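Visitor: Got a file for you: work15.pdb, PDB, C-alpha atoms, pLDDT in the B column.
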```pdb
ATOM      1  CA  MET A  18      22.792 -29.424  22.463  1.00 54.00           C
ATOM      2  CA  ALA A  19      19.625 -30.895  21.096  1.00 58.00           C
ATOM      3  CA  LYS A  20      17.654 -29.123  23.827  1.00 60.00           C
ATOM      4  CA  MET A  21      19.415 -25.883  23.088  1.00 63.00           C
ATOM      5  CA  ASP A  22      18.626 -26.183  19.397  1.00 74.00           C
ATOM      6  CA  LYS A  23      14.913 -26.749  20.073  1.00 73.00           C
ATOM      7  CA  LYS A  24      14.808 -23.643  22.287  1.00 72.00           C
ATOM      8  CA  TRP A  25      16.455 -21.577  19.564  1.00 71.00           C
ATOM      9  CA  VAL A  26      14.107 -22.956  16.956  1.00 72.00           C
ATOM     10  CA  VAL A  27      11.077 -22.155  19.131  1.00 72.00           C
ATOM     11  CA  LEU A  28      12.478 -18.742  20.040  1.00 71.00           C
ATOM     12  CA  CYS A  29      13.345 -17.891  16.445  1.00 73.00           C
ATOM     13  CA  THR A  30      10.004 -19.194  15.168  1.00 77.00           C
ATOM     14  CA  THR A  31       8.169 -17.137  17.768  1.00 79.00           C
ATOM     15  CA  ALA A  32      10.235 -14.050  16.930  1.00 74.00           C
ATOM     16  CA  ILE A  33       9.543 -14.481  13.222  1.00 80.00           C
ATOM     17  CA  GLY A  34       5.824 -14.886  13.966  1.00 74.00           C
ATOM     18  CA  VAL A  35       5.786 -11.712  16.085  1.00 72.00           C
ATOM     19  CA  ILE A  36       7.696  -9.737  13.470  1.00 78.00           C
ATOM     20  CA  TYR A  37       5.404 -11.004  10.711  1.00 71.00           C
ATOM     21  CA  SER A  38       2.296 -10.148  12.764  1.00 70.00           C
ATOM     22  CA  ALA A  39       3.597  -6.655  13.563  1.00 68.00           C
ATOM     23  CA  GLY A  40       4.399  -6.039   9.899  1.00 73.00           C
ATOM     24  CA  TYR A  41       0.978  -7.334   8.832  1.00 66.00           C
ATOM     25  CA  LEU A  42      -0.834  -5.118  11.347  1.00 65.00           C
ATOM     26  CA  THR A  43       1.200  -2.077  10.313  1.00 69.00           C
ATOM     27  CA  THR A  44       0.526  -2.717   6.631  1.00 68.00           C
ATOM     28  CA  GLU A  45      -3.196  -3.278   7.211  1.00 68.00           C
ATOM     29  CA  THR A  46      -3.438  -0.121   9.329  1.00 66.00           C
ATOM     30  CA  GLN A  47      -1.718   1.958   6.651  1.00 70.00           C
ATOM     31  CA  ALA A  48      -3.901   0.449   3.930  1.00 67.00           C
ATOM     32  CA  THR A  49      -7.026   1.189   5.938  1.00 68.00           C
ATOM     33  CA  LEU A  50      -5.949   4.785   6.490  1.00 68.00           C
ATOM     34  CA  GLN A  51      -5.117   5.276   2.817  1.00 66.00           C
ATOM     35  CA  GLU A  52      -8.350   3.757   1.506  1.00 62.00           C
ATOM     36  CA  PRO A  53     -10.558   6.714   2.498  1.00 63.00           C
ATOM     37  CA  GLN A  54      -8.080   9.151   0.938  1.00 63.00           C
ATOM     38  CA  GLN A  55      -8.093   7.189  -2.301  1.00 60.00           C
ATOM     39  CA  GLN A  56     -11.895   7.000  -2.179  1.00 62.00           C
ATOM     40  CA  ILE A  57     -12.140  10.754  -1.587  1.00 63.00           C
ATOM     41  CA  LYS A  58      -9.805  11.432  -4.525  1.00 60.00           C
ATOM     42  CA  THR A  59     -11.931   9.170  -6.720  1.00 58.00           C
ATOM     43  CA  ASN A  60     -15.146  10.871  -5.601  1.00 60.00           C
ATOM     44  CA  ILE A  61     -13.707  14.351  -6.145  1.00 61.00           C
ATOM     45  CA  HIS A  62     -12.594  13.379  -9.642  1.00 55.00           C
ATOM     46  CA  SER A  63     -16.009  11.955 -10.544  1.00 52.00           C
ATOM     47  CA  VAL A  64     -17.865  14.970  -9.110  1.00 56.00           C
ATOM     48  CA  SER A  65     -15.612  17.484 -10.859  1.00 54.00           C
ATOM     49  CA  SER A  66     -16.063  15.709 -14.174  1.00 47.00           C
ATOM     50  CA  GLN A  67     -19.837  15.908 -13.672  1.00 53.00           C
ATOM     51  CA  LEU A  68     -19.679  19.625 -12.857  1.00 62.00           C
ATOM     52  CA  LYS A  69     -19.080  20.872 -16.350  1.00 78.00           C
ATOM     53  CA  SER A  70     -19.741  24.540 -16.847  1.00 85.00           C
ATOM     54  CA  GLN A  71     -23.383  25.252 -17.443  1.00 93.00           C
ATOM     55  CA  TYR A  72     -23.190  28.763 -18.910  1.00 95.00           C
ATOM     56  CA  LYS A  73     -21.099  30.584 -21.458  1.00 95.00           C
ATOM     57  CA  ASN A  74     -19.120  33.588 -20.220  1.00 97.00           C
ATOM     58  CA  GLY A  75     -20.472  36.957 -21.331  1.00 97.00           C
ATOM     59  CA  THR A  76     -23.345  39.390 -21.030  1.00 98.00           C
ATOM     60  CA  PHE A  77     -26.740  38.156 -22.140  1.00 98.00           C
ATOM     61  CA  GLU A  78     -29.921  40.139 -22.719  1.00 98.00           C
ATOM     62  CA  GLY A  79     -33.334  38.961 -21.714  1.00 98.00           C
ATOM     63  CA  SER A  80     -36.802  40.443 -21.697  1.00 98.00           C
ATOM     64  CA  GLY A  81     -40.046  39.844 -19.929  1.00 97.00           C
ATOM     65  CA  SER A  82     -43.472  41.332 -20.450  1.00 96.00           C
ATOM     66  CA  ASN A  83     -47.085  41.128 -19.387  1.00 94.00           C
ATOM     67  CA  ARG A  84     -50.232  43.267 -19.589  1.00 94.00           C
ATOM     68  CA  ARG A  85     -48.578  45.918 -17.397  1.00 93.00           C
ATOM     69  CA  GLY A  86     -45.524  46.484 -19.625  1.00 95.00           C
ATOM     70  CA  SER A  87     -42.049  45.087 -20.270  1.00 97.00           C
ATOM     71  CA  ILE A  88     -38.588  44.847 -18.709  1.00 97.00           C
ATOM     72  CA  GLY A  89     -35.220  44.231 -20.333  1.00 98.00           C
ATOM     73  CA  VAL A  90     -32.152  42.992 -18.434  1.00 98.00           C
ATOM     74  CA  GLN A  91     -28.498  42.332 -19.062  1.00 98.00           C
ATOM     75  CA  VAL A  92     -27.002  39.437 -17.107  1.00 98.00           C
ATOM     76  CA  THR A  93     -23.237  39.015 -16.953  1.00 98.00           C
ATOM     77  CA  ILE A  94     -21.892  35.529 -16.265  1.00 97.00           C
ATOM     78  CA  ILE A  95     -18.283  34.609 -15.561  1.00 96.00           C
ATOM     79  CA  ASN A  96     -17.291  30.997 -14.825  1.00 95.00           C
ATOM     80  CA  ASP A  97     -20.898  29.926 -14.217  1.00 96.00           C
ATOM     81  CA  LYS A  98     -21.497  32.726 -11.746  1.00 97.00           C
ATOM     82  CA  ILE A  99     -23.890  35.641 -12.216  1.00 97.00           C
ATOM     83  CA  THR A 100     -21.647  38.621 -11.539  1.00 97.00           C
ATOM     84  CA  ASP A 101     -23.820  41.542 -12.669  1.00 98.00           C
ATOM     85  CA  VAL A 102     -27.458  42.260 -13.488  1.00 98.00           C
ATOM     86  CA  ASP A 103     -28.688  45.530 -14.980  1.00 97.00           C
ATOM     87  CA  ILE A 104     -32.205  46.608 -15.842  1.00 97.00           C
ATOM     88  CA  SER A 105     -31.615  47.922 -19.360  1.00 97.00           C
ATOM     89  CA  HIS A 106     -35.230  48.691 -20.257  1.00 96.00           C
ATOM     90  CA  PHE A 107     -38.180  49.451 -17.988  1.00 96.00           C
ATOM     91  CA  ALA A 108     -41.612  50.195 -19.385  1.00 96.00           C
ATOM     92  CA  MET A 109     -43.948  48.935 -16.689  1.00 93.00           C
ATOM     93  CA  HIS A 110     -47.071  50.574 -15.294  1.00 87.00           C
ATOM     94  CA  TYR A 111     -45.378  51.009 -11.903  1.00 84.00           C
ATOM     95  CA  SER A 112     -42.181  52.801 -10.904  1.00 90.00           C
ATOM     96  CA  LYS A 113     -38.764  51.296 -11.560  1.00 91.00           C
ATOM     97  CA  ASN A 114     -37.997  52.014  -7.886  1.00 92.00           C
ATOM     98  CA  ASP A 115     -40.264  49.077  -6.983  1.00 89.00           C
ATOM     99  CA  VAL A 116     -37.830  46.567  -8.518  1.00 93.00           C
ATOM    100  CA  VAL A 117     -34.505  48.371  -8.130  1.00 94.00           C
ATOM    101  CA  GLY A 118     -33.304  45.849  -5.486  1.00 95.00           C
ATOM    102  CA  LEU A 119     -34.059  42.753  -7.567  1.00 96.00           C
ATOM    103  CA  PRO A 120     -30.786  42.676  -9.575  1.00 97.00           C
ATOM    104  CA  GLN A 121     -28.767  42.413  -6.353  1.00 97.00           C
ATOM    105  CA  GLU A 122     -31.041  39.621  -5.143  1.00 96.00           C
ATOM    106  CA  VAL A 123     -30.379  37.666  -8.355  1.00 97.00           C
ATOM    107  CA  ILE A 124     -26.622  38.012  -7.788  1.00 97.00           C
ATOM    108  CA  GLN A 125     -26.928  36.902  -4.153  1.00 96.00           C
ATOM    109  CA  LYS A 126     -29.193  33.927  -4.903  1.00 96.00           C
ATOM    110  CA  GLN A 127     -27.570  33.074  -8.252  1.00 96.00           C
ATOM    111  CA  SER A 128     -31.105  32.495  -9.451  1.00 95.00           C
ATOM    112  CA  ALA A 129     -34.001  34.223 -11.187  1.00 95.00           C
ATOM    113  CA  GLN A 130     -36.240  33.216  -8.287  1.00 93.00           C
ATOM    114  CA  VAL A 131     -36.542  36.520  -6.419  1.00 93.00           C
ATOM    115  CA  LYS A 132     -39.022  37.490  -3.715  1.00 93.00           C
ATOM    116  CA  ASN A 133     -42.205  39.066  -4.957  1.00 90.00           C
ATOM    117  CA  VAL A 134     -42.289  42.833  -4.429  1.00 88.00           C
ATOM    118  CA  SER A 135     -45.574  43.718  -2.767  1.00 87.00           C
ATOM    119  CA  GLY A 136     -47.519  46.109  -4.964  1.00 87.00           C
ATOM    120  CA  ALA A 137     -45.357  45.282  -7.981  1.00 89.00           C
ATOM    121  CA  THR A 138     -46.273  41.649  -8.650  1.00 91.00           C
ATOM    122  CA  TYR A 139     -46.448  42.119 -12.419  1.00 93.00           C
ATOM    123  CA  SER A 140     -43.111  43.942 -12.503  1.00 94.00           C
ATOM    124  CA  THR A 141     -41.496  41.217 -10.384  1.00 94.00           C
ATOM    125  CA  GLN A 142     -42.821  38.478 -12.661  1.00 94.00           C
ATOM    126  CA  ALA A 143     -41.675  40.308 -15.813  1.00 96.00           C
ATOM    127  CA  PHE A 144     -38.243  40.782 -14.205  1.00 97.00           C
ATOM    128  CA  GLN A 145     -38.001  37.063 -13.376  1.00 96.00           C
ATOM    129  CA  ASP A 146     -39.022  36.160 -16.917  1.00 97.00           C
ATOM    130  CA  ALA A 147     -36.356  38.510 -18.302  1.00 98.00           C
ATOM    131  CA  ILE A 148     -33.649  36.923 -16.111  1.00 97.00           C
ATOM    132  CA  GLU A 149     -34.748  33.401 -17.085  1.00 97.00           C
ATOM    133  CA  ASN A 150     -34.715  34.446 -20.744  1.00 97.00           C
ATOM    134  CA  ALA A 151     -31.132  35.752 -20.436  1.00 97.00           C
ATOM    135  CA  LEU A 152     -30.009  32.607 -18.589  1.00 97.00           C
ATOM    136  CA  LYS A 153     -31.589  30.460 -21.290  1.00 96.00           C
ATOM    137  CA  LEU A 154     -29.494  32.273 -23.899  1.00 96.00           C
ATOM    138  CA  ALA A 155     -26.376  31.811 -21.771  1.00 96.00           C
ATOM    139  CA  ARG A 156     -26.778  28.046 -21.317  1.00 95.00           C
ATOM    140  CA  LYS A 157     -24.374  25.818 -23.169  1.00 88.00           C
ATOM    141  CA  ALA A 158     -25.949  23.386 -25.577  1.00 76.00           C
TER     142      ALA A 158
END
```
Is it possible to give me this structure as C-alpha cells?

Guide:
Amino acid sequence: MAKMDKKWVVLCTTAIGVIYSAGYLTTETQATLQEPQQQIKTNIHSVSSQLKSQYKNGTFEGSGSNRRGSIGVQVTIINDKITDVDISHFAMHYSKNDVVGLPQEVIQKQSAQVKNVSGATYSTQAFQDAIENALKLARKA
C-alpha cells in the first residue's frame, strides 16, 4: 500500500500542477487580451476630454478689406463644424463671380485657408481675412 500511496500522491500532485498551470495560462492570456482594450478605453477617454469644443454655435460675421475693397461674410458653426458660409457684403474692385466658389471651399476644408483665385488675389485675401475674423469671434474663451 505504501507504493500505491506514493503513486497517488505523485499522480495527484502532477494533476494539481497541470490544472494550476492551465488556469494560470488561461488567466494570463485573458489579462493580456483585456489590457489593450482597457488601454484603448483610457486613451479614448483622455483624448475626448482634450477635445473640448473650440467654437460657439451660431452665425458669426467677419469682414476683410484691402486697397481693392472689402468683403463681409457670415459663417455658421454647429458643434465645431462650419456648416454654412455666405458672402454678405462684396465691394471689391473685381467681380463677385471671381470668389463665388470660396464659401464652399471653406466648408469642405473647414478652414479659412482657401486656394488663391488667379486674377483675384486681393479678393481672395480679403475673403480669407473675413473668414478668420468670423472664426475669431466664434472661438470660445

Visitor: Fewer than 6 positions away in the same chain doesn't count, so skip those; otherwise give me all residues within 9 Å of A:Ala108, counting all atoms listed in the file, as a list in words.

Guide: Arg85, Gly86, Ser87, Ile88 and Gly89 of chain A

Visitor: Evaluate the PyMOL selection byres ((chain A and resi 151) around 7) here and jot the selected residues down as a ChimeraX atom specification.

Guide: /A:77-79,92,147-150,152-155

Visitor: Could you work out how far atom CA of A:Asp115 lies from atom CA of A:Asn83, giving the answer in Å with one decimal?

Guide: 16.2 Å

Visitor: Using all atoms listed in the file, which protein or nucleic acid residues come within 7 Å of A:Asp103? Drop anything in the same chain fewer than 4 positions from it, and give the result as an mmCIF file with C-alpha atoms, keeping the file's coordinate frame.

Guide:
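Written output follows (result02.cif):
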```
data_model
loop_
_atom_site.group_PDB
_atom_site.id
_atom_site.type_symbol
_atom_site.label_atom_id
_atom_site.label_comp_id
_atom_site.auth_asym_id
_atom_site.auth_seq_id
_atom_site.Cartn_x
_atom_site.Cartn_y
_atom_site.Cartn_z
ATOM 1 C CA VAL A 90 -32.152 42.992 -18.434
ATOM 2 C CA GLN A 91 -28.498 42.332 -19.062
ATOM 3 C CA VAL A 92 -27.002 39.437 -17.107
ATOM 4 C CA PRO A 120 -30.786 42.676 -9.575
#
```

Visitor: In Å, with one decimal, what is the gap from atom CA of A:Glu122 to atom CA of A:Thr93?

Guide: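 Atom-to-atom, atom CA of A:Glu122 to atom CA of A:Thr93, that is 14.2 Å.
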
Visitor: For the structure provided, state which residues fall under the PyMOL selection byres ((chain A and resi 74) around 8), and present them as a list in words.

Guide: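 That expression, the PyMOL selection byres ((chain A and resi 74) around 8), corresponds here to Tyr72, Lys73, Gly75, Thr76, Thr93, Ile94, Ile95, Asn96, Asp97 and Ala155 of chain A.
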
Visitor: Please report the interatomic distance between atom CA of A:Val134 and atom CA of A:Arg156 in Å with one decimal.

Guide: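 Rounded to one decimal, the two atoms are 27.3 Å apart.
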
Visitor: Nearest to A:Ala158 among A:Ala32, A:Trp25, A:Ser70, A:Ala143, with distances taken over only C-alpha atoms: which residue is it?

Guide: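 Counting only C-alpha atoms, the residue closest to A:Ala158 is A:Ser70.
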
Visitor: Report the residues retrieved by the PyMOL selection byres ((chain A and resi 130) around 10) from the displayed file, expressed as a ChimeraX atom specification.

Guide: /A:119,122-123,126-129,131-133,141-142,144-146,148-149

Visitor: Select, from A:Ser140, A:Ser112, A:Gln71, A:Thr100, the residue with the minimum atom-to-atom distance to A:Gln125, counting all atoms listed in the file.

Guide: A:Thr100

Visitor: Rank nothing, just name the residue among A:Ala137, A:Lys157, A:Tyr37, A:Asp101 nearest to A:Asn114, using all atoms listed in the file.

Guide: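 Under the stated criterion, the closest residue is A:Ala137.
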